[in-house]
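Okay, so here's the structure we're looking at.
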Amino acid sequence: MWESFWFEFINFYFIPGLVLGCIYALGAIGITLTFGILRFANFAHGEIMMTSSYLTWEFVLVASSFGLVLHPIIGAIPASICAIFLALIVDRLFYKPFRNSPTIMIVIASFGMMLIIRSLVQVIWGPNQITFVKGIAKPNPIIKDFTSNFDTMLLIPNKHIFILLGTIIIMLFFNYILSSTKIGKGMRAVSDNPNLAEVSGINVESIIKATWIVGGFCAAAAGVFLAMDTQFIESTMGFRMLLPMFAAAILGGIGRPFGAVAGGLIIGLAEELSAYPWLGDGPVISPGYKSGVAFSIMVLMLIFRPSGIFKGKVF
């Protein structure tokens with residue numbers, strides 16, 4: 001009994017939940033940085049994720065036309081650069097003019113940018129679903145001794161290994177930026193008190209640009225990892241990710257990047273584990289309602305602890 005429990009639970013629920021949590025965590029970093037520093041909810045964040053996945057697919061396709069076989073992670077490098085430029089252009093043309101305006105105006109502007117970017121993607125690549133990676137992901141069987149009584153097999157495909165390792169590397173690099181660089185310390189200062197940071201001599205506009213660079217890069221990584229996991233891309237994939245990413249940012253605490261990481265992992269695991277047949281007669285929650293788990297956690301957190309796990313900002 002325990003052998004079958006561990007095999008099914010870990011391979012089909014826990015590991016996919018961990019992978020999904022990594023994707024949510026990367027996406028939530030950009031949301032919480034934007035919210036913490038610029039004080040508004042960027043609804044176009046998911047569309048930058050989606051655009052990055054399309055650009056990665058395009059770079060891989062162009063390389064194949066020249067006889068080169070590129071892994072999506074290699075194709076994601078120029079795609080992430082394009083995503084960063086897109087984020088900077090959107091901020092310069094559409095967000096900066098509303099910097100001193102009421103928050104609702106820039107929120108509406110971000111909602112409009114979401115629709116504009118999605119429409120442009122549909123015009124360029126079409127509204128239909130596109131296969132991102134062809135074929136079936138072959139798992140790598142690993143025998144793991146959980147107790148002295150039995151062994152079980154872990155089935156981890158290469159795409160999940162890339163996603164998990166890639167997220168860890170990005171998190172370590174991001175931790176270095178925040179804790180050991182001047183720009184990272186400036187980001188924390190502006191997030192805590194932008195007026196005091198400006199009086200102290202910090203160039204707030206430079207910090208805002210750095211925020212969009214970091215957020216755009218994390219969004220690109222999240223979009224490519226999501227496409228690798230699902231193996232297809234479509235123009236609404238970014239919009240579907242918005243709710244769980246906002247839930248992750250709120251759960252961890254607005255303005256707390258590592259809180260967003262923790263929140264993303266919790267949301268991802270909660271969504272997948274909620275579909276596990278804990279009672280033995282079918283899933284507790286139908287997989288079609290998994291997004292409701294993220295919404296429920298977000299609402300409960302807003303009611304009982306709006307500052308989140310890591311005591312973020314409350315606006």
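By order of appearance in the structure tokens: chains A, B, ..., then residues from 1 within every chain, and ligands from 1 in the order shown.
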Would you write out, as a Markdown table, a table of all residues in stretch 208-309 of chain A that have an atom no more than 8 Å from an atom of stretch 71-85 of chain A, listing for each the closest atom pair and the distance in Å to one decimal, considering only C-alpha atoms and ordering rows by chain and rising residue number?
| residue | atom | partner | partner_atom | distance |
| --- | --- | --- | --- | --- |
| A:Trp212 | CA | A:Ile84 | CA | 7.0 |
| A:Ile213 | CA | A:Ile84 | CA | 5.3 |
| A:Val214 | CA | A:Ile84 | CA | 7.9 |
| A:Gly215 | CA | A:Ile84 | CA | 7.9 |
| A:Gly216 | CA | A:Ile84 | CA | 4.7 |
| A:Phe217 | CA | A:Ser80 | CA | 5.5 |
| A:Ala219 | CA | A:Ala83 | CA | 8.0 |
| A:Ala220 | CA | A:Ser80 | CA | 5.2 |
| A:Ala221 | CA | A:Ser80 | CA | 7.2 |
| A:Val224 | CA | A:Ala76 | CA | 6.7 |
| A:Met228 | CA | A:Pro72 | CA | 7.7 |
Restricted to C-alpha atoms, what would the selected residues look like written as a PDB file, in the first residue's frame?
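Once written, out.pdb looks like this:
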ATOM      1  CA  TRP A 212      11.524  46.201 -14.861  1.00  0.00           C
ATOM      2  CA  ILE A 213      14.697  44.407 -15.947  1.00  0.00           C
ATOM      3  CA  VAL A 214      14.512  41.910 -13.092  1.00  0.00           C
ATOM      4  CA  GLY A 215      10.754  41.522 -13.431  1.00  0.00           C
ATOM      5  CA  GLY A 216      10.975  41.080 -17.198  1.00  0.00           C
ATOM      6  CA  PHE A 217      13.688  38.452 -16.890  1.00  0.00           C
ATOM      7  CA  ALA A 219       8.592  36.745 -16.333  1.00  0.00           C
ATOM      8  CA  ALA A 220      10.456  35.425 -19.387  1.00  0.00           C
ATOM      9  CA  ALA A 221      11.843  32.498 -17.394  1.00  0.00           C
ATOM     10  CA  VAL A 224       9.373  29.544 -21.005  1.00  0.00           C
ATOM     11  CA  MET A 228       8.172  23.564 -21.427  1.00  0.00           C
TER      12      MET A 228
END
Within 7 Å of stretch 33-36 of chain A using only C-alpha atoms, minus same-chain residues under 2 positions, as a short mmCIF file (atom, residue, chain, number, x, y, z; two decimals) with C-alpha atoms, in the first residue's frame:
data_model
loop_
_atom_site.label_atom_id
_atom_site.label_comp_id
_atom_site.auth_asym_id
_atom_site.auth_seq_id
_atom_site.Cartn_x
_atom_site.Cartn_y
_atom_site.Cartn_z
CA ILE A 29 8.61 38.08 -8.19
CA GLY A 30 7.91 40.61 -10.93
CA ILE A 31 4.43 41.28 -9.58
CA LEU A 38 5.70 51.33 -8.19
CA ARG A 39 2.60 50.78 -6.03
CA PHE A 40 0.31 49.31 -8.68
CA ALA A 41 -0.87 45.93 -9.93
CA ASN A 42 0.66 45.22 -13.33
CA SER A 191 10.37 49.66 -1.71
CA THR A 211 12.89 46.63 -11.35
CA ILE A 254 3.61 42.45 -1.08
CA GLY A 255 7.10 43.85 -1.63
CA PRO A 257 10.46 38.91 -3.25
#
*Within stretch 9-221 of chain A, find each residue whose DSSP state, derived from the backbone, is alpha helix (DSSP H), and express the selection as a PyMOL selection string.*
chain A and resi 9+15-38+45-65+72-90+103-125+158-180+182-192+194-199+204-221
_Nearby residues (only C-alpha atoms) at most 12 Å from stretch 100-113 of chain A, same-chain spacing under 5 positions excluded, as a PyMOL selection string_ = chain A and resi 34-35+38-48+86-87+89-91+93-95+118-120+239+242+315
Atoms to include: C-alpha atoms. Write the selected residues as a PDB file, in the first residue's frame.
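What follows is the written file out.pdb:
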ATOM      1  CA  THR A  34       6.203  46.205  -9.250  1.00  0.00           C
ATOM      2  CA  PHE A  35       3.629  46.417  -6.498  1.00  0.00           C
ATOM      3  CA  LEU A  38       5.701  51.330  -8.186  1.00  0.00           C
ATOM      4  CA  ARG A  39       2.603  50.777  -6.034  1.00  0.00           C
ATOM      5  CA  PHE A  40       0.309  49.311  -8.675  1.00  0.00           C
ATOM      6  CA  ALA A  41      -0.873  45.926  -9.928  1.00  0.00           C
ATOM      7  CA  ASN A  42       0.664  45.218 -13.325  1.00  0.00           C
ATOM      8  CA  PHE A  43      -1.942  43.183 -15.200  1.00  0.00           C
ATOM      9  CA  ALA A  44       0.319  43.065 -18.277  1.00  0.00           C
ATOM     10  CA  HIS A  45       2.879  40.922 -16.433  1.00  0.00           C
ATOM     11  CA  GLY A  46       1.296  37.686 -17.602  1.00  0.00           C
ATOM     12  CA  GLU A  47       1.353  38.872 -21.213  1.00  0.00           C
ATOM     13  CA  ILE A  48       5.111  39.454 -20.990  1.00  0.00           C
ATOM     14  CA  LEU A  86       9.337  45.128 -23.957  1.00  0.00           C
ATOM     15  CA  ALA A  87       8.889  45.787 -20.230  1.00  0.00           C
ATOM     16  CA  ILE A  89       9.256  50.238 -23.476  1.00  0.00           C
ATOM     17  CA  VAL A  90       5.859  49.663 -21.874  1.00  0.00           C
ATOM     18  CA  ASP A  91       6.997  51.498 -18.739  1.00  0.00           C
ATOM     19  CA  LEU A  93       5.541  54.956 -23.017  1.00  0.00           C
ATOM     20  CA  PHE A  94       2.510  53.901 -20.996  1.00  0.00           C
ATOM     21  CA  TYR A  95       3.331  53.834 -17.263  1.00  0.00           C
ATOM     22  CA  ARG A 118      -2.232  39.877 -26.401  1.00  0.00           C
ATOM     23  CA  SER A 119      -3.804  41.274 -29.586  1.00  0.00           C
ATOM     24  CA  LEU A 120      -0.383  41.903 -31.137  1.00  0.00           C
ATOM     25  CA  PHE A 239      -3.847  35.745 -18.334  1.00  0.00           C
ATOM     26  CA  LEU A 242      -2.290  36.089 -13.264  1.00  0.00           C
ATOM     27  CA  PHE A 315      -1.888  49.568   0.844  1.00  0.00           C
TER      28      PHE A 315
END
*Assign secondary structure with DSSP using the backbone only, and return the residues of stretch 24-185 of chain A in strand (DSSP E) as a list in words.*
Ile130, Thr131, Pro139, Asn140, Pro141, Ile142, Ile143, Lys144, Asp145, Asp151, Thr152, Met153, Leu154, Leu155, Ile156 and Pro157 of chain A
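Here atom CA of A:Leu243 is placed at a distance of 13.0 Å from atom CA of A:Ile23.
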